[in-house]
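One structure is given here, and the rest of the page talks about it.
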Amino acid sequence: MDEVFGNHENNDTCEQSHLFIPSAWIIFTQFGLAAESAIVNTIVIVIFLRPKNRTPSTILLSALAASDCLTAILSQIPYFVAYIFHYDDLEVDEYGYFGGWVWPELYSSCIVYLPLSNISVGFHTISVFLTVMLNIQKVVALQFPLWTMLNVGNKSTVSVICLIFIIVVSMFAWVTVTDNGLLFKGEDDACCYDELLDHNYTEGFLYINK
């Protein structure tokens with residue numbers, strides 16, 4: 001008799017989720033770049049948000065720095081956890097050009113790393129929107145300097161940043177809830193999915209038949 005977990009049956013057709021772990025030199029390079037990004041962006045934020053330096057442009061740049069910092073850090077957490085704490089569970093990836101491993105995910109981990117990866121992609125998306133907004137602001141300021149001086153201030157800039165944040169977070173929250181609904185617990189706590197997830201999950205995530 002098949003075991004039932006939630007609304008799903010656990011049977012031989014379970015397709016287990018796997019996390020691709022790059023080779024060691026790539027992982028430690030990424031760790032170094034993430035740490036460098038966090039330090040540099042923190043310094044940028046501290047300098048730009050001093051009262052005498054606050055302008056619409058520096059506020060946008062500070063928000064962009066914070067978003068880039070969070071993207072760099074959050075995207076590396078699954079690799080760090082897998083490589084440091086689950087090294088013995090990793091399987092060699094025989095098809096990778098630069099080596100690496102695959103980590104057969106357990107249900108207890110994949111329901112955490114999927115939202116985490118979505119948050120990372122979400123902050124990257126926010127960075128893209130802020131970069132576009134920064135360029136638009138510069139063009140408008142050059143073409144309509146008087147109008148910009150009268151209508152584009154610090155408060156309006158913060159309001160637009162908050163609006164972008166709310167829109168992107170809402171979108172990725174919906175995607176996360178949808179994707180988590182496709183995951184279920186299989187034999188030996190394996191993380192299984194009914195079908196390929198609707199979006200790409202995130203960089204470095206692969207789905208391989210069990």
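Labeling convention for the structure tokens: chains A, B, ... as they appear, residues from 1 per chain, ligands from 1 in order of appearance.
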Segment 2-202 of chain A: residues DSSP assigns to alpha helix (DSSP H), reported as an NGL selection string:
:A and (24-48 or 56-85 or 107-143 or 145-151 or 154-180)
Looking only at strand (DSSP E) from DSSP on the backbone, list the matching residues of chain A as a list of chain:residue names.
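Of chain A, the ones in strand (DSSP E) are A:Glu3, A:Val4, A:Phe5, A:His8, A:Glu9, A:Asn10, A:Glu15, A:Gln16, A:Ser17, A:His18, A:Leu19, A:Phe20, A:Ile21, A:Glu91, A:Val92, A:Trp101, A:Val102, A:Trp103, A:Pro104, A:Leu183, A:Phe184, A:Lys185, A:Cys191, A:Cys192, A:Tyr193, A:Phe205, A:Leu206, A:Tyr207.
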So which one's closest to Asn154 of chain A, A:Leu49, A:Leu33, A:Leu90, A:Leu19? Using only C-alpha atoms, please.
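Counting only C-alpha atoms, the residue closest to Asn154 of chain A is A:Leu49.
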Neighbour list for Thr29 of chain A as an NGL selection string, cut-off 12 Å, only C-alpha atoms, skip fewer than 5 positions in-chain:
:A and (22-24 or 34-36 or 76 or 79-80)
Saved selection, atoms kept: C-alpha atoms, as a PDB file, in the first residue's frame:
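Output file selection09.pdb is given in full below:
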```
ATOM      1  CA  PRO A  22      29.446  23.949  -8.103  1.00  0.00           C
ATOM      2  CA  SER A  23      33.028  22.769  -7.668  1.00  0.00           C
ATOM      3  CA  ALA A  24      34.931  24.016  -4.614  1.00  0.00           C
ATOM      4  CA  ALA A  34      29.397  37.897  -1.746  1.00  0.00           C
ATOM      5  CA  ALA A  35      31.443  39.034   1.259  1.00  0.00           C
ATOM      6  CA  GLU A  36      33.104  41.801  -0.780  1.00  0.00           C
ATOM      7  CA  GLN A  76      24.966  31.668  -1.496  1.00  0.00           C
ATOM      8  CA  TYR A  79      25.553  26.261  -1.446  1.00  0.00           C
ATOM      9  CA  PHE A  80      27.238  27.088   1.861  1.00  0.00           C
TER      10      PHE A  80
END
```
Could you state the separation of atom CA of Ser108 of chain A and atom CA of Cys191 of chain A in Å, given to one decimal place?
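Value for the atom CA of Ser108 of chain A-atom CA of Cys191 of chain A distance: 7.7 Å.
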Mind running segment 27-118 of chain A against segment 160-184 of chain A at 8 Å and telling me each contacting residue's nearest atom pair with the distance in Å (one decimal), counting only C-alpha atoms, chain and number ascending, as a tab-separated table?
```
residue	atom	partner	partner_atom	distance
A:Leu60	CA	A:Ile161	CA	7.6
A:Ala63	CA	A:Ile161	CA	7.7
A:Tyr107	CA	A:Phe184	CA	7.0
A:Ile111	CA	A:Asn180	CA	6.6
A:Leu114	CA	A:Thr176	CA	7.3
A:Pro115	CA	A:Thr176	CA	5.8
A:Asn118	CA	A:Phe172	CA	6.5
```
I'd like the neighbourhood of Lys138 of chain A as a PDB file with all heavy atoms, in the first residue's frame, where a residue qualifies if any of its atoms comes within 10 Å (using only C-alpha atoms), though same-chain residues fewer than 6 positions away should be ignored.
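Contents of the output file out-v4.pdb:
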```
ATOM      1  N   SER A  57      18.845  60.776  -5.908  1.00  0.00           N
ATOM      2  CA  SER A  57      19.783  59.851  -6.553  1.00  0.00           C
ATOM      3  C   SER A  57      20.507  58.977  -5.528  1.00  0.00           C
ATOM      4  O   SER A  57      20.648  57.764  -5.720  1.00  0.00           O
ATOM      5  CB  SER A  57      20.811  60.624  -7.385  1.00  0.00           C
ATOM      6  OG  SER A  57      20.198  61.282  -8.466  1.00  0.00           O
ATOM      7  N   PHE A 144      14.124  68.088 -18.027  1.00  0.00           N
ATOM      8  CA  PHE A 144      13.189  68.996 -17.345  1.00  0.00           C
ATOM      9  C   PHE A 144      13.741  69.350 -15.954  1.00  0.00           C
ATOM     10  O   PHE A 144      13.193  68.917 -14.938  1.00  0.00           O
ATOM     11  CB  PHE A 144      11.804  68.343 -17.218  1.00  0.00           C
ATOM     12  CG  PHE A 144      11.290  67.766 -18.500  1.00  0.00           C
ATOM     13  CD1 PHE A 144      11.364  66.393 -18.744  1.00  0.00           C
ATOM     14  CD2 PHE A 144      10.739  68.589 -19.474  1.00  0.00           C
ATOM     15  CE1 PHE A 144      10.877  65.856 -19.923  1.00  0.00           C
ATOM     16  CE2 PHE A 144      10.253  68.066 -20.659  1.00  0.00           C
ATOM     17  CZ  PHE A 144      10.333  66.692 -20.894  1.00  0.00           C
ATOM     18  N   PRO A 145      14.813  70.093 -15.894  1.00  0.00           N
ATOM     19  CA  PRO A 145      15.464  70.373 -14.602  1.00  0.00           C
ATOM     20  C   PRO A 145      14.574  71.114 -13.609  1.00  0.00           C
ATOM     21  O   PRO A 145      14.578  70.792 -12.420  1.00  0.00           O
ATOM     22  CB  PRO A 145      16.676  71.218 -15.006  1.00  0.00           C
ATOM     23  CG  PRO A 145      16.353  71.760 -16.359  1.00  0.00           C
ATOM     24  CD  PRO A 145      15.498  70.729 -17.017  1.00  0.00           C
ATOM     25  N   THR A 148      11.811  68.766 -12.305  1.00  0.00           N
ATOM     26  CA  THR A 148      12.420  67.773 -11.410  1.00  0.00           C
ATOM     27  C   THR A 148      12.718  68.375 -10.047  1.00  0.00           C
ATOM     28  O   THR A 148      12.473  67.757  -9.007  1.00  0.00           O
ATOM     29  CB  THR A 148      13.720  67.224 -12.028  1.00  0.00           C
ATOM     30  OG1 THR A 148      13.432  66.627 -13.289  1.00  0.00           O
ATOM     31  CG2 THR A 148      14.351  66.194 -11.117  1.00  0.00           C
TER      32      THR A 148
END
```
Report as a PDB file with N, CA, C and O atoms, in the first residue's frame all protein, DNA and RNA residues lying within 10 Å of Trp101 of chain A, evaluated on only C-alpha atoms, omitting residues in the same chain fewer than 3 positions from it.
```
ATOM      1  N   HIS A  18      16.829  18.009  -6.798  1.00  0.00           N
ATOM      2  CA  HIS A  18      18.263  18.010  -6.534  1.00  0.00           C
ATOM      3  C   HIS A  18      18.790  19.440  -6.637  1.00  0.00           C
ATOM      4  O   HIS A  18      18.378  20.202  -7.503  1.00  0.00           O
ATOM      5  N   LEU A  19      19.714  19.790  -5.765  1.00  0.00           N
ATOM      6  CA  LEU A  19      20.377  21.094  -5.809  1.00  0.00           C
ATOM      7  C   LEU A  19      21.775  20.906  -6.377  1.00  0.00           C
ATOM      8  O   LEU A  19      22.544  20.083  -5.881  1.00  0.00           O
ATOM      9  N   PHE A  20      22.088  21.640  -7.440  1.00  0.00           N
ATOM     10  CA  PHE A  20      23.427  21.550  -8.030  1.00  0.00           C
ATOM     11  C   PHE A  20      24.403  22.380  -7.204  1.00  0.00           C
ATOM     12  O   PHE A  20      24.162  23.554  -6.933  1.00  0.00           O
ATOM     13  N   ILE A  21      25.518  21.770  -6.815  1.00  0.00           N
ATOM     14  CA  ILE A  21      26.565  22.443  -6.040  1.00  0.00           C
ATOM     15  C   ILE A  21      27.798  22.570  -6.926  1.00  0.00           C
ATOM     16  O   ILE A  21      28.359  21.554  -7.350  1.00  0.00           O
ATOM     17  N   PRO A  22      28.248  23.784  -7.247  1.00  0.00           N
ATOM     18  CA  PRO A  22      29.446  23.949  -8.103  1.00  0.00           C
ATOM     19  C   PRO A  22      30.693  23.384  -7.435  1.00  0.00           C
ATOM     20  O   PRO A  22      30.700  23.094  -6.237  1.00  0.00           O
ATOM     21  N   SER A  23      31.759  23.252  -8.208  1.00  0.00           N
ATOM     22  CA  SER A  23      33.028  22.769  -7.668  1.00  0.00           C
ATOM     23  C   SER A  23      33.549  23.745  -6.613  1.00  0.00           C
ATOM     24  O   SER A  23      33.134  24.907  -6.551  1.00  0.00           O
ATOM     25  N   ALA A  24      34.488  23.263  -5.793  1.00  0.00           N
ATOM     26  CA  ALA A  24      34.931  24.016  -4.614  1.00  0.00           C
ATOM     27  C   ALA A  24      35.466  25.405  -4.966  1.00  0.00           C
ATOM     28  O   ALA A  24      35.158  26.393  -4.291  1.00  0.00           O
ATOM     29  N   ALA A  82      25.015  23.233   2.026  1.00  0.00           N
ATOM     30  CA  ALA A  82      25.233  21.913   1.421  1.00  0.00           C
ATOM     31  C   ALA A  82      26.701  21.508   1.477  1.00  0.00           C
ATOM     32  O   ALA A  82      27.021  20.370   1.830  1.00  0.00           O
ATOM     33  N   TYR A  83      27.586  22.429   1.130  1.00  0.00           N
ATOM     34  CA  TYR A  83      29.014  22.097   1.053  1.00  0.00           C
ATOM     35  C   TYR A  83      29.637  21.906   2.436  1.00  0.00           C
ATOM     36  O   TYR A  83      30.458  21.007   2.635  1.00  0.00           O
ATOM     37  N   TYR A  87      28.353  17.622   3.109  1.00  0.00           N
ATOM     38  CA  TYR A  87      29.316  17.213   2.073  1.00  0.00           C
ATOM     39  C   TYR A  87      29.249  15.714   1.796  1.00  0.00           C
ATOM     40  O   TYR A  87      29.373  15.277   0.652  1.00  0.00           O
ATOM     41  N   ASP A  89      26.776  13.815   1.763  1.00  0.00           N
ATOM     42  CA  ASP A  89      25.565  13.428   1.031  1.00  0.00           C
ATOM     43  C   ASP A  89      25.617  13.818  -0.446  1.00  0.00           C
ATOM     44  O   ASP A  89      24.712  13.464  -1.211  1.00  0.00           O
ATOM     45  N   LEU A  90      26.650  14.561  -0.841  1.00  0.00           N
ATOM     46  CA  LEU A  90      26.736  15.047  -2.217  1.00  0.00           C
ATOM     47  C   LEU A  90      27.148  13.930  -3.168  1.00  0.00           C
ATOM     48  O   LEU A  90      27.943  13.063  -2.828  1.00  0.00           O
ATOM     49  N   GLU A  91      26.582  13.983  -4.373  1.00  0.00           N
ATOM     50  CA  GLU A  91      26.918  13.015  -5.412  1.00  0.00           C
ATOM     51  C   GLU A  91      27.637  13.738  -6.544  1.00  0.00           C
ATOM     52  O   GLU A  91      27.246  14.841  -6.939  1.00  0.00           O
ATOM     53  N   VAL A  92      28.685  13.127  -7.082  1.00  0.00           N
ATOM     54  CA  VAL A  92      29.475  13.758  -8.141  1.00  0.00           C
ATOM     55  C   VAL A  92      28.619  13.959  -9.384  1.00  0.00           C
ATOM     56  O   VAL A  92      27.899  13.056  -9.821  1.00  0.00           O
ATOM     57  N   ASP A  93      28.689  15.164  -9.950  1.00  0.00           N
ATOM     58  CA  ASP A  93      27.983  15.464 -11.193  1.00  0.00           C
ATOM     59  C   ASP A  93      28.878  15.064 -12.368  1.00  0.00           C
ATOM     60  O   ASP A  93      29.868  15.736 -12.658  1.00  0.00           O
ATOM     61  N   GLU A  94      28.545  13.993 -13.040  1.00  0.00           N
ATOM     62  CA  GLU A  94      29.390  13.463 -14.113  1.00  0.00           C
ATOM     63  C   GLU A  94      29.250  14.237 -15.421  1.00  0.00           C
ATOM     64  O   GLU A  94      30.026  14.040 -16.345  1.00  0.00           O
ATOM     65  N   TYR A  95      28.245  15.111 -15.515  1.00  0.00           N
ATOM     66  CA  TYR A  95      27.985  15.800 -16.771  1.00  0.00           C
ATOM     67  C   TYR A  95      28.398  17.270 -16.755  1.00  0.00           C
ATOM     68  O   TYR A  95      28.267  17.959 -17.760  1.00  0.00           O
ATOM     69  N   GLY A  96      28.894  17.765 -15.623  1.00  0.00           N
ATOM     70  CA  GLY A  96      29.270  19.172 -15.540  1.00  0.00           C
ATOM     71  C   GLY A  96      30.623  19.438 -16.182  1.00  0.00           C
ATOM     72  O   GLY A  96      31.550  18.637 -16.063  1.00  0.00           O
ATOM     73  N   PRO A 104      20.817  15.517  -3.360  1.00  0.00           N
ATOM     74  CA  PRO A 104      19.417  15.081  -3.299  1.00  0.00           C
ATOM     75  C   PRO A 104      18.738  15.726  -2.094  1.00  0.00           C
ATOM     76  O   PRO A 104      19.094  15.455  -0.950  1.00  0.00           O
TER      77      PRO A 104
END
```
Nearest to Val132 of chain A by atom-to-atom distance, counting only C-alpha atoms, from A:Leu64, A:Val152, A:Leu146, A:Val81:
A:Leu64
If I take atom CA of Leu70 of chain A and atom CA of Ser120 of chain A, how far is one from the other in Å, to one decimal?
7.1 Å
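When only C-alpha atoms are used to measure the gap to Asn135 of chain A, the shortest distance among A:Leu61, A:Leu116, A:Ala190, A:Val121 belongs to A:Leu61.
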Pick out the closest residue to Met133 of chain A from this set: A:Leu150, A:Cys69, A:Ile59, A:Ile84. Count only C-alpha atoms.
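Result for the nearest residue to Met133 of chain A: A:Ile59.
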